[in-house]
Number of protein chains: 2
Amino acid sequence: MQGMSEKGAAQGGLRERKKRATRAALAEAAVRLAAEHGAEKVTVEAISAAAGVSVRTFFNYFDTRDDAFVVIDADAGARMRQAVLDAPAALSPLQALREAMTAELAEAEQQHELWRLHARVLHASPHLLVRTLGAHMADETELAEVIAARIRAGGATAPVSPPSCATDEERRSALDLYPRLLAAVAGTAVRISVEHWCARQEEAAFLDVFQEVFALLAAGLPAPPA
Amino acid sequence: MQGMSEKGAAQGGLRERKKRATRAALAEAAVRLAAEHGAEKVTVEAISAAAGVSVRTFFNYFDTRDDAFVVIDADAGARMRQAVLDAPAALSPLQALREAMTAELAEAEQQHELWRLHARVLHASPHLLVRTLGAHMADETELAEVIAARIRAGGATAPVSPPSCATDEERRSALDLYPRLLAAVAGTAVRISVEHWCARQEEAAFLDVFQEVFALLAAGLPAPPA
DNA sequence: AGAAAATTTTGCAGAGTGTGCATCTTTGCA
DNA sequence: TGCAAAGATGCACACTCTGCAAAATTTTCT
């Protein structure tokens, strides 16, 4: 359990593969049923039946009924962390994150239809949107660690020193704070981009919205002209 | 619902007051019981009994058992929106938010003990931390609207034009995007400040962490020195 | 291949959550 | 004081979720 497995992307072992398949089947069944009948009307029994397993087994995979509606792609987080590590050293942390997230969003485009249904479900019950949010937050800590590693490895360093860091003490503290803040803010950036784009779909390409958001962040959120 | 009432802070009407009292009693009972016995072991029945109402009444106030652990102060959001509106016009949106949030955090200091218990409960079950997060997100939209109003009213305007806004179309779109982004990022800032401060309590005063976070945001999240 | 070991699936019983509905009590108001 | 509106409560019932032990399946070892 510690040497070579690491439960990464495409893993050998019939057992592992079956478990992944079952989980995916349950999640997909849940989303499809919820998109059609409304999330509240979908019982665990219906989801289990659609995925061809017993109710009890459902609860072996998800702690809660709602969890089935929340996680579409269980290892998206891992892929993104890898992308952050692989980003060119010349990029600032913020830029590296932007690139990694852009790639991941392109990946989601593959499953286009399912994500669309997912979005509809979440829109219909804000309750679930909240849970989804939370799930992303869970990845945040790990992402922060990757960012910290990248910085220690000596990614692009600030041309000017960050503000208000007098003592060594403060500098160390900030170094610990920064990755967490960046990871959290970047996650927020994705969320707002998606929300804004969903709200006014026809008006702008998603990537433009996404770039605009990161531009605003990089500029320090300056007040827009009235 | 639009003239004078606005469900603000101290409201007349015995009915309103009683409902507030009941809700507060339930929330407080829930947090205290959870702090003592662990959130998972606290039944709705126990909470209701501690608050002196029936189980059925509990569900008149909260949709879910977990909701009782989540919202300590139901109208903190409304107070903060007011504070943003009341902030000096000379402040940038980001600065105005910082001030409003500082004030609100000071307010929370009054209920010190309860918040401390709340923090312990959330720490013990990340599950609930997630829900709390979501609850804050619910306020976000309304906060964004207040920010938008403030900008329209002509708060401090950018000395230099924001990046990459060629057409009028894009400028309008950005004007809609900006408040949402700012509200979301500010919320994230508070969360990270609290988390970081909780993680290393003794090392720094909370307000210092908070100021540092906003300084980083205002500087555009520059890469720290390796 | 065949048997033992490890792991997963499943059914069942039971505690707890959450909702609709009818009824009773309290509050607001003339 | 008395009526109308709103809240609280009890009850029945569907659904969620957990612990446990038996059955089924995969992996490993010979």
# chains A, B, ... in the order shown; residues from 1 in each chain; ligands from 1
call {"tool": "select_by_dssp", "arguments": {"residues": "range 16-156 of chain B", "states": "helix (DSSP H, G or I)", "output": "ChimeraX atom specification"}}
result
/B:16-37,39-41,44-51,55-61,67-70,76-86,93-110,112-124,126-152
call {"tool": "residues_around", "arguments": {"residues": "Arg200 in chain A", "least_positions_apart": "4", "cutoff": "12 Å", "atoms": "only C-alpha atoms (C1' of nucleotides)", "output": "list in words"}}
result
Ser193, Val194, Glu195, His196, Ala204, Ala205, Phe206 and Val209 of chain A; Ser173, Asp176 and Leu177 of chain B
call {"tool": "write_last_selection", "arguments": {"atoms": "N, CA and C atoms", "output": "CSV table (one decimal), in the first residue's frame"}}
result
chain,number,residue,atom,x,y,z
A,193,SER,N,-15.7,32.4,-12.5
A,193,SER,CA,-15.6,32.3,-13.9
A,193,SER,C,-16.8,31.5,-14.5
A,194,VAL,N,-16.9,30.3,-13.9
A,194,VAL,CA,-18.0,29.4,-14.4
A,194,VAL,C,-19.3,30.0,-14.2
A,195,GLU,N,-19.5,30.6,-13.0
A,195,GLU,CA,-20.8,31.2,-12.7
A,195,GLU,C,-21.2,32.3,-13.6
A,196,HIS,N,-20.2,33.2,-13.8
A,196,HIS,CA,-20.4,34.4,-14.6
A,196,HIS,C,-20.7,33.9,-16.1
A,204,ALA,N,-20.0,35.8,-24.1
A,204,ALA,CA,-18.6,35.8,-24.1
A,204,ALA,C,-18.1,34.3,-24.1
A,205,ALA,N,-16.9,34.1,-24.7
A,205,ALA,CA,-16.3,32.8,-24.6
A,205,ALA,C,-15.8,32.5,-23.2
A,206,PHE,N,-15.9,31.3,-22.8
A,206,PHE,CA,-15.5,31.0,-21.4
A,206,PHE,C,-14.0,31.4,-21.1
A,209,VAL,N,-13.5,35.0,-20.3
A,209,VAL,CA,-13.9,35.3,-18.9
A,209,VAL,C,-12.8,34.9,-17.9
B,173,SER,N,-19.3,43.9,-19.4
B,173,SER,CA,-19.2,42.6,-18.9
B,173,SER,C,-18.3,42.5,-17.7
B,176,ASP,N,-19.8,43.8,-14.5
B,176,ASP,CA,-20.7,42.8,-13.9
B,176,ASP,C,-19.9,41.7,-13.2
B,177,LEU,N,-18.8,41.4,-13.8
B,177,LEU,CA,-18.0,40.3,-13.2
B,177,LEU,C,-17.2,40.8,-12.0
call {"tool": "residues_around", "arguments": {"residues": "DT30 in chain D", "least_positions_apart": "3", "cutoff": "12 Å", "atoms": "only C-alpha atoms (C1' of nucleotides)", "output": "PyMOL selection string"}}
result
chain C and resi 1-4
call {"tool": "interface_residues", "arguments": {"of": "chain A", "to": "chain D", "cutoff": "9 Å", "atoms": "only C-alpha atoms (C1' of nucleotides)", "output": "MDAnalysis selection string"}}
result
chainID A and resid 14:15 43:44 59 63:65
call {"tool": "interface_residues", "arguments": {"of": "chain C", "to": "chain B", "cutoff": "9 Å", "atoms": "only C-alpha atoms (C1' of nucleotides)", "output": "list in words"}}
result
DG16, DT17, DG18, DT27 and DG28 of chain C
call {"tool": "write_last_selection", "arguments": {"atoms": "C-alpha atoms (C1' of nucleotides)", "output": "compact mmCIF listing (two decimals), in the first residue's frame"}}
result
# COMPACT_ATOMS: atom_id res chain seq x y z
C1' DG C 16 -32.36 8.70 13.19
C1' DT C 17 -33.71 12.25 9.73
C1' DG C 18 -37.17 14.91 7.36
C1' DT C 27 -49.86 36.76 18.80
C1' DG C 28 -51.58 40.81 16.22
call {"tool": "residues_around", "arguments": {"residues": "range 100-104 of chain A", "least_positions_apart": "5", "cutoff": "12 Å", "atoms": "only C-alpha atoms (C1' of nucleotides)", "output": "number ranges by chain"}}
result
A: 73, 75-88, 91, 93-95, 109-111, 143, 147, 183, 186-191, 193, 206-211, 214
call {"tool": "residues_around", "arguments": {"residues": "range 115-125 of chain B", "least_positions_apart": "3", "cutoff": "8 Å", "atoms": "only C-alpha atoms (C1' of nucleotides)", "output": "PDB file with C-alpha atoms, in the first residue's frame"}}
result
ATOM      1  CA  VAL B  31     -23.081  24.022  19.140  1.00  0.00           C
ATOM      2  CA  ARG B  32     -22.704  23.493  22.881  1.00  0.00           C
ATOM      3  CA  ALA B  34     -21.680  19.201  19.721  1.00  0.00           C
ATOM      4  CA  ALA B  35     -18.660  20.729  21.409  1.00  0.00           C
ATOM      5  CA  GLY B  38     -19.156  15.434  19.183  1.00  0.00           C
ATOM      6  CA  ALA B  39     -21.488  16.584  16.453  1.00  0.00           C
ATOM      7  CA  PHE B  69     -24.336  23.698  13.645  1.00  0.00           C
ATOM      8  CA  ILE B  72     -24.348  31.034  14.559  1.00  0.00           C
ATOM      9  CA  ALA B 108     -17.819  38.280  16.653  1.00  0.00           C
ATOM     10  CA  GLN B 111     -19.562  36.138  21.442  1.00  0.00           C
ATOM     11  CA  HIS B 112     -16.020  34.925  21.886  1.00  0.00           C
ATOM     12  CA  LEU B 128     -19.642  20.735   8.847  1.00  0.00           C
ATOM     13  CA  LEU B 129     -16.860  23.106   7.925  1.00  0.00           C
TER      14      LEU B 129
END
call {"tool": "residues_around", "arguments": {"residues": "Ala184 in chain B", "least_positions_apart": "5", "cutoff": "8 Å", "atoms": "only C-alpha atoms (C1' of nucleotides)", "output": "ChimeraX atom specification"}}
result
/A:188,192 /B:137,140
call {"tool": "write_last_selection", "arguments": {"atoms": "C-alpha atoms", "output": "mmCIF file, in the first residue's frame"}}
result
data_model
loop_
_atom_site.group_PDB
_atom_site.id
_atom_site.type_symbol
_atom_site.label_atom_id
_atom_site.label_comp_id
_atom_site.auth_asym_id
_atom_site.auth_seq_id
_atom_site.Cartn_x
_atom_site.Cartn_y
_atom_site.Cartn_z
ATOM 1 C CA THR A 188 -12.600 30.911 -6.189
ATOM 2 C CA ILE A 192 -16.718 32.779 -10.354
ATOM 3 C CA MET B 137 -21.290 31.582 -0.208
ATOM 4 C CA GLU B 140 -21.990 36.269 -1.594
#
call {"tool": "atom_distance", "arguments": {"atom1": "CA of Ala24 in chain B", "atom2": "CA of Gly52 in chain B"}}
result
12.1 Å
call {"tool": "closest_residue", "arguments": {"among": "A:Ala144, A:Cys198, A:Leu133, A:Ile47", "to": "chain B", "atoms": "only C-alpha atoms"}}
result
A:Leu133
call {"tool": "atom_distance", "arguments": {"atom1": "CA of Glu40 in chain B", "atom2": "CA of Ala21 in chain B"}}
result
24.7 Å
